[in-house]
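K.L.:
Quick one: the structure is below, questions incoming.
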Amino acid sequence: MSYLFNTPDQRREMLRTIGAESIDELFQQVPADCRLARPLDLPPALTEMELERTVRSLAGKNVAGGDRVCLMGGGVYDHFIPAAVDEVVSRGEFYTAYTPYQAEASQGSLQAFFEYQSLVCRLTGMDVSNASLYEAGTAVSEAAFMAMRVTGRHEKVVVLGSVHPEYRQVLETYLSNLKCELVVVGTHNGTVDPADLKKLVDDRTACLIFQHPNFFGCLEEPEELCRQARSVGALSVVAFDPISLGILRRPGDYGADVAVAEGQSLGIPMQYGGPFLGIFTCRNEFVRKMPGRLVGRTTDRQGRPCYVLTLQAREQHIRREKATSNICTNQGLLALRATAYLSLVGPQGLKEASELCCRKAHYAAERLTRIPGVQLAFDRPFFKEFTLRCDGGVEAFCARARDAGFDLGPTMRRFGEAVDEPLSDALLVAVTEKRTRREIDELVAALGGLEATAVGIPALRETQLG
Amino acid sequence: MRNLLATQPLVELAHPGRRGCTFPESDVPPRPLDSLIPKSQLAATACELPELAEPDVIRHFVNLSTLNMSVDTHFYPLGSCTMKYNPKRHERLSRLPGLVDLHPYQIDEAAQGMLAILYELQQMLAEISGLPAVSLHPAAGAQGELTALLVAAAYFHDKGERRTKVLFPASAHGTNPASAALAGFECVQLDVSAEGLVDLEELKANLDESTAVFMITNPNTLGLFEPEIARISRLLHQAGGLVYVDGANMNAILGITRPGDFGGDMMHFNVHKTFTGPHGAGGPGAGPIAVRDFLADYLPAPVVIREAGPSGKALYRLSVPGKSIGRMRSFFGNVGILLRGYLYLRTLGAQGVKAVSENAVLNANYLMARLADVLPTPHGKRCMHEFVASARNLYKERGISAMDLAKRLLDYGFHAPTVYFPLVVAEAMMMEPTETESKETLDAFSDAIHKIVAEDPKFLHDAPHSTLVSRPDDVQAARKPILKWEPSAS
């Protein structure tokens, strides 16, 4: 077996030292009636070569990678990842280290996470960042719990219907065994009208949660939403898109109390949904009520600067049932990816990536809506993602794109009842800095746009009927 | 050799105008940005990120990495954490474009390879746990606990039973009570017996119709297999409650015994412990759960199912169980880590999996025996995959604490064991060597401990002596937290 060291003679020697006859004797404390009397029924062992052959063949059955052009969105995006990011996280000293509890032997990880916290604060304009949570859905839920602790209001949380349906579903599950009401504010034309909040957000509300740009890709009115929350003593919680902050105002600018995000855009591959990065930031005054690990700067016995996990009295291994969260393992290596990404792109690179996404998304939207029967679902400003409505079968529309090498979606139907607006014939399209004008033009042509009338609408209709 | 010029904070290494990554010019017709986005939404200035060149960034992080101990570089006998070797084939294969570039909302028909892998992993975990229904969804062990407790809550709610309490022994991981509280249960901590085991009388005294779940780690955090586990499970079931098995210590019992066989109703796996997901300096993990058939319908969404496709070929699909508690996170799960677990199990096969536990238990018992003269283990003559030694005598007689020993071990090139956990042992040193260490390494570690205990206690209080920094001032860190780079902080 590949990863064991001890030879049969060494094992015998070790057993002699222990004073046992056999390895089986070591398991005597497992009662006989609990023992498994047969071998496990698992697939046969594979050598490295066989494993590689098997897995390459399985990977080849997925429609991903290679020459495919990804315009999929819904919270996960095909952004460019500089090679240096992969190199940094490939260091065994990072990825095979444990949580840096032994500070003297973990200064590398500790400083990297301190820098993550520093860069995320600079990105968002927020006071303080933790060292990561699992992903955005749980970050939203942890924000709601923190808001309850901060406000002392445990009965009501308000979330906009334009927040990602999966983030809302996570929040709903997290609250399911508690006596807390979850109020969802309906959307009109892709966003929430702040005037609708007046009767829903009140002095029993712990927090108001919104996403900006929202799930449909549309921009909300973040300043007004934060103001409304503040006016009733509730916390404002925004889920933002890190790449958007290259050009959009930052959560710290518009007065958010808590800002969370899916950090996947910051140098993390899509890998079918995880592991990703839950970014969690807030105002300084909440720091002792925050969930998750925090790295602080201090000095050692000789007065030299060093880093250490701090404010651990919030955490489960110290505070147990009174902890601010149950989180232990976090997303350290992904936080390291984000740190490397942000240091590589810098302020100018982030702005460029952000602008490219925005410009190309608008170009794509303009071109795609020239296809007869295809239009934007909402008449709202958007950043890099938009909701398209297609007359007739949206699945056929995607299938046709897929056959031509382009991946679109998700379709709104995927989320069923969880989507707020009546959108059974709509899908999301996201355009990152990686997409080229040529790709977009080819997509439009493949979908029967003006540039390629020869393979146009009649063919599309055929596909739908078939 | 490390280069400390490069480990200055990134912000201090930066220089205005430097670039680490440039993007191509826009190739779409130019339009003013404020014709696309309302001016009121646009930032007035760029984010204040540091400006660095690619070589700056690489040199910085590569040098930072050398300030760490890791499994790739050192013996890391951290109890309860299973710091085993992380096979390199997993790194190569989990980065195949067909896996790593797959969007989570790709339709099932276009993700058949991935779904086949995940389905097969579900099956393998069901077999290893003895519990038939598996969800790969939870992001880590603690989230697996929370998920299972919410499954239990939904199950009792459906049965019309009001059960509000979760019980756990004092030796439990902190995540157990934290998860129970988060799930809305009342936490009841039970004292353990003098032997460090679940105290049956204490359990009986606290069991009633309000008990929802008993959470137990088995082998427990002292590295002992609970001899009365079958009785404990029966007691819970007679009282109408469920048994939750914290799977943090699965490395001891793979192919030997199964939680489902000793009465567990629900459990989580730590893929990043037992099945070699690298710990990543704190994460990511993956915390799949396995449950009995009568709980399968409550599992979080989605699970992978296998159907006969149109041509009779297997078709894998994502599916939402009928009474699902819902989602615990966005998207499928921590797939990158699950993949590594899959690759590991496919490499080992049944015999290899059992050999993991046999060798993990052999290594732990060997180390325990080698250290018995200086660091006795108060609970149990034999251990499973880990043991909790005590420095109590050393502390009483010579003033050498578990912390002193732990810190001094760093000077000898060994990562410290877990100290001061579990709380039921004074001056606890919890050691888990794992199966991927050689006898030579264990001997060298044992020799180091023997040398250290003969050293001057005062010298040990100041250890470590060879690391870049000495013991940090935790009190100062917590009193006036500095949590990000600021000009005044340097």
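A note on labels: chains of the structure tokens are A, B, ... as shown, every chain counts residues from 1, and ligands are counted from 1 in their shown order.
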From a DSSP calculation on the backbone, collect every residue of segment 42-228 of chain B in strand (DSSP E or B) and output the set as a list in words.
P.N.:
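Everything in segment 42-228 of chain B that counts as strand (DSSP E or B) is Leu42, Asn68, Phe75, Leu78, Ala111, Ala133, Val134, Ser135, Lys165, Val166, Leu167, Phe168, Pro169, Glu186, Cys187, Val188, Gln189, Leu190, Val192, Val198, Thr211, Ala212, Val213, Phe214, Met215, Ile216 and Thr217 of chain B.
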K.L.:
Could you write out, as a PyMOL selection string, all the residues of segment 40-252 of chain B that DSSP marks as alpha helix (DSSP H)?
P.N.:
chain B and resi 54-65+88-94+97-100+112-129+141-159+175-182+200-206+229-238
K.L.:
Counting only C-alpha atoms, which residue out of B:Leu125, B:Ala178, B:Val388, B:Ala172 sits closest to chain A?
P.N.:
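Answer, going by the shortest atom-to-atom distance: B:Ala178.
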K.L.:
Neighbouring residues of Ser118 of chain A were defined as those with any atom within 8 Å, considering only C-alpha atoms; residues of the same chain fewer than 4 positions away were excluded. Please report them as an MDAnalysis selection string.
P.N.:
(chainID A and resid 114 122 129) or (chainID B and resid 483:485)
K.L.:
Go ahead and save the residues from that selection, with N, CA and C atoms, as a PDB file, in the first residue's frame.
P.N.:
```pdb
ATOM      1  N   PHE A 114      -3.442  37.322   8.172  1.00  0.00           N
ATOM      2  CA  PHE A 114      -3.480  38.729   8.590  1.00  0.00           C
ATOM      3  C   PHE A 114      -3.520  39.618   7.343  1.00  0.00           C
ATOM      4  N   ARG A 122      -9.361  46.581   2.815  1.00  0.00           N
ATOM      5  CA  ARG A 122      -9.087  47.607   1.816  1.00  0.00           C
ATOM      6  C   ARG A 122     -10.007  47.463   0.604  1.00  0.00           C
ATOM      7  N   SER A 129     -12.195  42.172   9.056  1.00  0.00           N
ATOM      8  CA  SER A 129     -12.558  40.942   8.337  1.00  0.00           C
ATOM      9  C   SER A 129     -12.111  39.767   9.185  1.00  0.00           C
TER      10      SER A 129
ATOM     11  N   LEU B 483      -6.014  43.858  13.841  1.00  0.00           N
ATOM     12  CA  LEU B 483      -6.525  42.786  12.979  1.00  0.00           C
ATOM     13  C   LEU B 483      -6.293  43.070  11.504  1.00  0.00           C
ATOM     14  N   LYS B 484      -5.609  44.159  11.218  1.00  0.00           N
ATOM     15  CA  LYS B 484      -5.246  44.438   9.825  1.00  0.00           C
ATOM     16  C   LYS B 484      -4.052  45.373   9.825  1.00  0.00           C
ATOM     17  N   TRP B 485      -3.395  45.433   8.675  1.00  0.00           N
ATOM     18  CA  TRP B 485      -2.209  46.271   8.568  1.00  0.00           C
ATOM     19  C   TRP B 485      -2.601  47.741   8.638  1.00  0.00           C
TER      20      TRP B 485
END
```
K.L.:
Env of segment 180-195 of chain B: 8 Å cut, atoms = only C-alpha atoms, seq-sep filter 3 positions within chain, self excluded. Answer as a list in words.
P.N.:
Tyr174, Leu175, Asn177, Leu178, Glu321, Lys322, Ser325 and Asn326 of chain A; Leu146, Leu149, Leu150, Thr164, Lys165, Val166, Leu167, Phe168, Pro169, Ala170, Ser171, Asn176, Pro177, Val198, Asp199, Glu202, Leu203, His379 and Gly380 of chain B
K.L.:
Store the residues of this selection in a file with C-alpha atoms, as a CSV table (one decimal), in the first residue's frame.
P.N.:
```
chain,number,residue,atom,x,y,z
A,174,TYR,CA,-30.2,27.7,9.7
A,175,LEU,CA,-33.3,29.4,11.3
A,177,ASN,CA,-35.5,25.2,14.6
A,178,LEU,CA,-35.4,28.7,16.1
A,321,GLU,CA,-22.4,26.2,23.5
A,322,LYS,CA,-21.9,29.9,24.2
A,325,SER,CA,-20.6,30.1,15.9
A,326,ASN,CA,-19.9,26.4,15.7
B,146,LEU,CA,-25.3,21.0,12.6
B,149,LEU,CA,-29.0,17.9,14.4
B,150,LEU,CA,-31.4,19.7,12.1
B,164,THR,CA,-35.4,19.8,23.1
B,165,LYS,CA,-32.2,18.4,24.6
B,166,VAL,CA,-28.9,17.3,23.2
B,167,LEU,CA,-26.6,15.3,25.5
B,168,PHE,CA,-22.8,14.9,25.2
B,169,PRO,CA,-20.0,13.8,27.5
B,170,ALA,CA,-17.6,16.4,29.0
B,171,SER,CA,-14.8,15.0,26.8
B,176,ASN,CA,-20.7,19.4,19.6
B,177,PRO,CA,-22.3,21.8,22.1
B,198,VAL,CA,-19.4,7.6,29.2
B,199,ASP,CA,-20.9,7.2,32.6
B,202,GLU,CA,-25.1,9.7,34.5
B,203,LEU,CA,-26.5,9.0,31.1
B,379,HIS,CA,-6.7,6.5,30.9
B,380,GLY,CA,-6.4,3.0,29.4
```
K.L.:
When you look at Gly393 of chain A with a cut-off of 7 Å (counting only C-alpha atoms), what residues show up, excluding the ones that are within fewer than 2 positions of it in the same chain? I need them as a PyMOL selection string.
P.N.:
chain A and resi 391+395-397+425+464
K.L.:
Distance table requested - segment 280-347 of chain B against segment 78-98 of chain B, cut-off 12 Å, only C-alpha atoms: one row per qualifying residue with the closest atom pair and its distance in Å to one decimal, ordered by chain and rising residue number, as a tab-separated table.
P.N.:
```
residue	atom	partner	partner_atom	distance
B:Gly280	CA	B:Asn86	CA	10.7
B:Ala281	CA	B:Met83	CA	11.3
B:Gly282	CA	B:Cys81	CA	10.7
B:Gly283	CA	B:Cys81	CA	11.9
B:Gly285	CA	B:Cys81	CA	11.6
B:Val335	CA	B:Ser94	CA	9.4
B:Gly336	CA	B:Ser94	CA	6.5
B:Ile337	CA	B:Ser94	CA	8.6
B:Leu338	CA	B:Ser94	CA	9.6
B:Leu339	CA	B:Ser94	CA	6.4
B:Arg340	CA	B:His90	CA	5.5
B:Gly341	CA	B:His90	CA	8.7
B:Tyr342	CA	B:His90	CA	9.3
B:Leu343	CA	B:His90	CA	6.4
B:Tyr344	CA	B:His90	CA	7.6
B:Leu345	CA	B:His90	CA	11.1
B:Arg346	CA	B:His90	CA	11.0
B:Thr347	CA	B:Arg89	CA	9.9
```
K.L.:
Keeping only N, CA and C atoms, write the selected residues to a file as a PDB file, in the first residue's frame.
P.N.:
```
ATOM      1  N   GLY B 280      -4.875  22.564   4.679  1.00  0.00           N
ATOM      2  CA  GLY B 280      -4.909  23.905   4.094  1.00  0.00           C
ATOM      3  C   GLY B 280      -4.694  25.036   5.078  1.00  0.00           C
ATOM      4  N   ALA B 281      -3.940  24.791   6.149  1.00  0.00           N
ATOM      5  CA  ALA B 281      -3.699  25.798   7.179  1.00  0.00           C
ATOM      6  C   ALA B 281      -4.995  26.240   7.866  1.00  0.00           C
ATOM      7  N   GLY B 282      -5.956  25.329   7.916  1.00  0.00           N
ATOM      8  CA  GLY B 282      -7.194  25.633   8.639  1.00  0.00           C
ATOM      9  C   GLY B 282      -8.443  25.249   7.866  1.00  0.00           C
ATOM     10  N   GLY B 283      -8.316  24.943   6.635  1.00  0.00           N
ATOM     11  CA  GLY B 283      -9.436  24.540   5.802  1.00  0.00           C
ATOM     12  C   GLY B 283      -9.037  24.693   4.352  1.00  0.00           C
ATOM     13  N   GLY B 285     -12.368  21.884   4.537  1.00  0.00           N
ATOM     14  CA  GLY B 285     -12.647  20.500   4.834  1.00  0.00           C
ATOM     15  C   GLY B 285     -13.836  20.053   4.016  1.00  0.00           C
ATOM     16  N   VAL B 335     -16.504  20.151  -3.175  1.00  0.00           N
ATOM     17  CA  VAL B 335     -16.218  19.067  -4.111  1.00  0.00           C
ATOM     18  C   VAL B 335     -14.716  18.776  -4.222  1.00  0.00           C
ATOM     19  N   GLY B 336     -13.905  19.819  -4.242  1.00  0.00           N
ATOM     20  CA  GLY B 336     -12.460  19.618  -4.372  1.00  0.00           C
ATOM     21  C   GLY B 336     -11.921  18.704  -3.281  1.00  0.00           C
ATOM     22  N   ILE B 337     -12.450  18.796  -2.092  1.00  0.00           N
ATOM     23  CA  ILE B 337     -12.005  17.949  -0.984  1.00  0.00           C
ATOM     24  C   ILE B 337     -12.653  16.570  -1.086  1.00  0.00           C
ATOM     25  N   LEU B 338     -13.915  16.539  -1.468  1.00  0.00           N
ATOM     26  CA  LEU B 338     -14.594  15.252  -1.657  1.00  0.00           C
ATOM     27  C   LEU B 338     -13.867  14.413  -2.702  1.00  0.00           C
ATOM     28  N   LEU B 339     -13.391  15.081  -3.756  1.00  0.00           N
ATOM     29  CA  LEU B 339     -12.653  14.370  -4.803  1.00  0.00           C
ATOM     30  C   LEU B 339     -11.427  13.677  -4.240  1.00  0.00           C
ATOM     31  N   ARG B 340     -10.721  14.363  -3.365  1.00  0.00           N
ATOM     32  CA  ARG B 340      -9.523  13.768  -2.776  1.00  0.00           C
ATOM     33  C   ARG B 340      -9.888  12.545  -1.951  1.00  0.00           C
ATOM     34  N   GLY B 341     -11.008  12.620  -1.245  1.00  0.00           N
ATOM     35  CA  GLY B 341     -11.486  11.464  -0.498  1.00  0.00           C
ATOM     36  C   GLY B 341     -11.796  10.297  -1.422  1.00  0.00           C
ATOM     37  N   TYR B 342     -12.440  10.614  -2.531  1.00  0.00           N
ATOM     38  CA  TYR B 342     -12.758   9.582  -3.524  1.00  0.00           C
ATOM     39  C   TYR B 342     -11.479   8.938  -4.053  1.00  0.00           C
ATOM     40  N   LEU B 343     -10.505   9.772  -4.409  1.00  0.00           N
ATOM     41  CA  LEU B 343      -9.250   9.260  -4.982  1.00  0.00           C
ATOM     42  C   LEU B 343      -8.523   8.373  -3.975  1.00  0.00           C
ATOM     43  N   TYR B 344      -8.590   8.762  -2.719  1.00  0.00           N
ATOM     44  CA  TYR B 344      -7.925   7.994  -1.656  1.00  0.00           C
ATOM     45  C   TYR B 344      -8.581   6.621  -1.519  1.00  0.00           C
ATOM     46  N   LEU B 345      -9.896   6.609  -1.446  1.00  0.00           N
ATOM     47  CA  LEU B 345     -10.588   5.330  -1.255  1.00  0.00           C
ATOM     48  C   LEU B 345     -10.422   4.422  -2.471  1.00  0.00           C
ATOM     49  N   ARG B 346     -10.389   5.025  -3.669  1.00  0.00           N
ATOM     50  CA  ARG B 346     -10.176   4.210  -4.870  1.00  0.00           C
ATOM     51  C   ARG B 346      -8.741   3.658  -4.908  1.00  0.00           C
ATOM     52  N   THR B 347      -7.804   4.396  -4.333  1.00  0.00           N
ATOM     53  CA  THR B 347      -6.426   3.907  -4.285  1.00  0.00           C
ATOM     54  C   THR B 347      -6.302   2.740  -3.311  1.00  0.00           C
TER      55      THR B 347
END
```
K.L.:
Can you list, as a list in words, every protein, DNA or RNA residue that comes within 7 Å of Ala105 of chain A when you count only C-alpha atoms, leaving out same-chain residues fewer than 2 positions away?
P.N.:
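Using only C-alpha atoms, the neighbours found are Gln102, Ala103 and Gln107 of chain A; Leu67, Asn68 and Met69 of chain B.
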K.L.:
Just the selected residues (C-alpha atoms), exported as a PDB file, in the first residue's frame, please.
P.N.:
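Output below, filename selection-v1.pdb:
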```
ATOM      1  CA  GLN A 102       1.001  26.810  17.460  1.00  0.00           C
ATOM      2  CA  ALA A 103       1.926  30.332  16.501  1.00  0.00           C
ATOM      3  CA  GLN A 107       3.969  32.370  11.290  1.00  0.00           C
TER       4      GLN A 107
ATOM      5  CA  LEU B  67       7.918  29.842   8.384  1.00  0.00           C
ATOM      6  CA  ASN B  68       5.402  27.000   8.754  1.00  0.00           C
ATOM      7  CA  MET B  69       5.631  23.470   9.933  1.00  0.00           C
TER       8      MET B  69
END
```
K.L.:
Please identify all polymer residues within 8 Å of His60 of chain B, counting only C-alpha atoms, omitting same-chain residues fewer than 2 positions from it, and present them as a list of chain:residue names.
P.N.:
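Once the nearby chain positions are removed, what remains is B:Ala6, B:Thr7, B:Gln8, B:Leu10, B:Asp56, B:Val57, B:Ile58, B:Val62, B:Asn63, B:Leu64.
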K.L.:
State, in Å with one decimal place, the distance from atom CA of Pro433 of chain B to atom CA of Tyr76 of chain B.
P.N.:
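Atom CA of Tyr76 of chain B lies at a distance of 7.2 Å from atom CA of Pro433 of chain B.
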K.L.:
Could you state the separation of atom CA of Pro39 of chain A and atom CA of Ser22 of chain A in Å, given to one decimal place?
P.N.:
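Value for the atom CA of Pro39 of chain A-atom CA of Ser22 of chain A distance: 18.6 Å.
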K.L.:
Compare A:Ala234, A:Ala20, A:Ala259, A:Ala64 by their minimum atom-to-atom distance to His103 of chain B, counting only C-alpha atoms, and give me the closest one.
P.N.:
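Using only C-alpha atoms, His103 of chain B sits closest to A:Ala64.
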K.L.:
Looking at only C-alpha atoms, which of A:Phe415, A:Phe145, A:Phe216, A:Tyr95 is the one that sits closest to Thr73 of chain B?
P.N.:
A:Tyr95
K.L.:
Measuring between only C-alpha atoms, which one of B:Gln41, B:Ser129, B:Asn270, B:Ser65 shows the shortest distance to Leu245 of chain A?
P.N.:
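Smallest separation from Leu245 of chain A among the options: B:Gln41.
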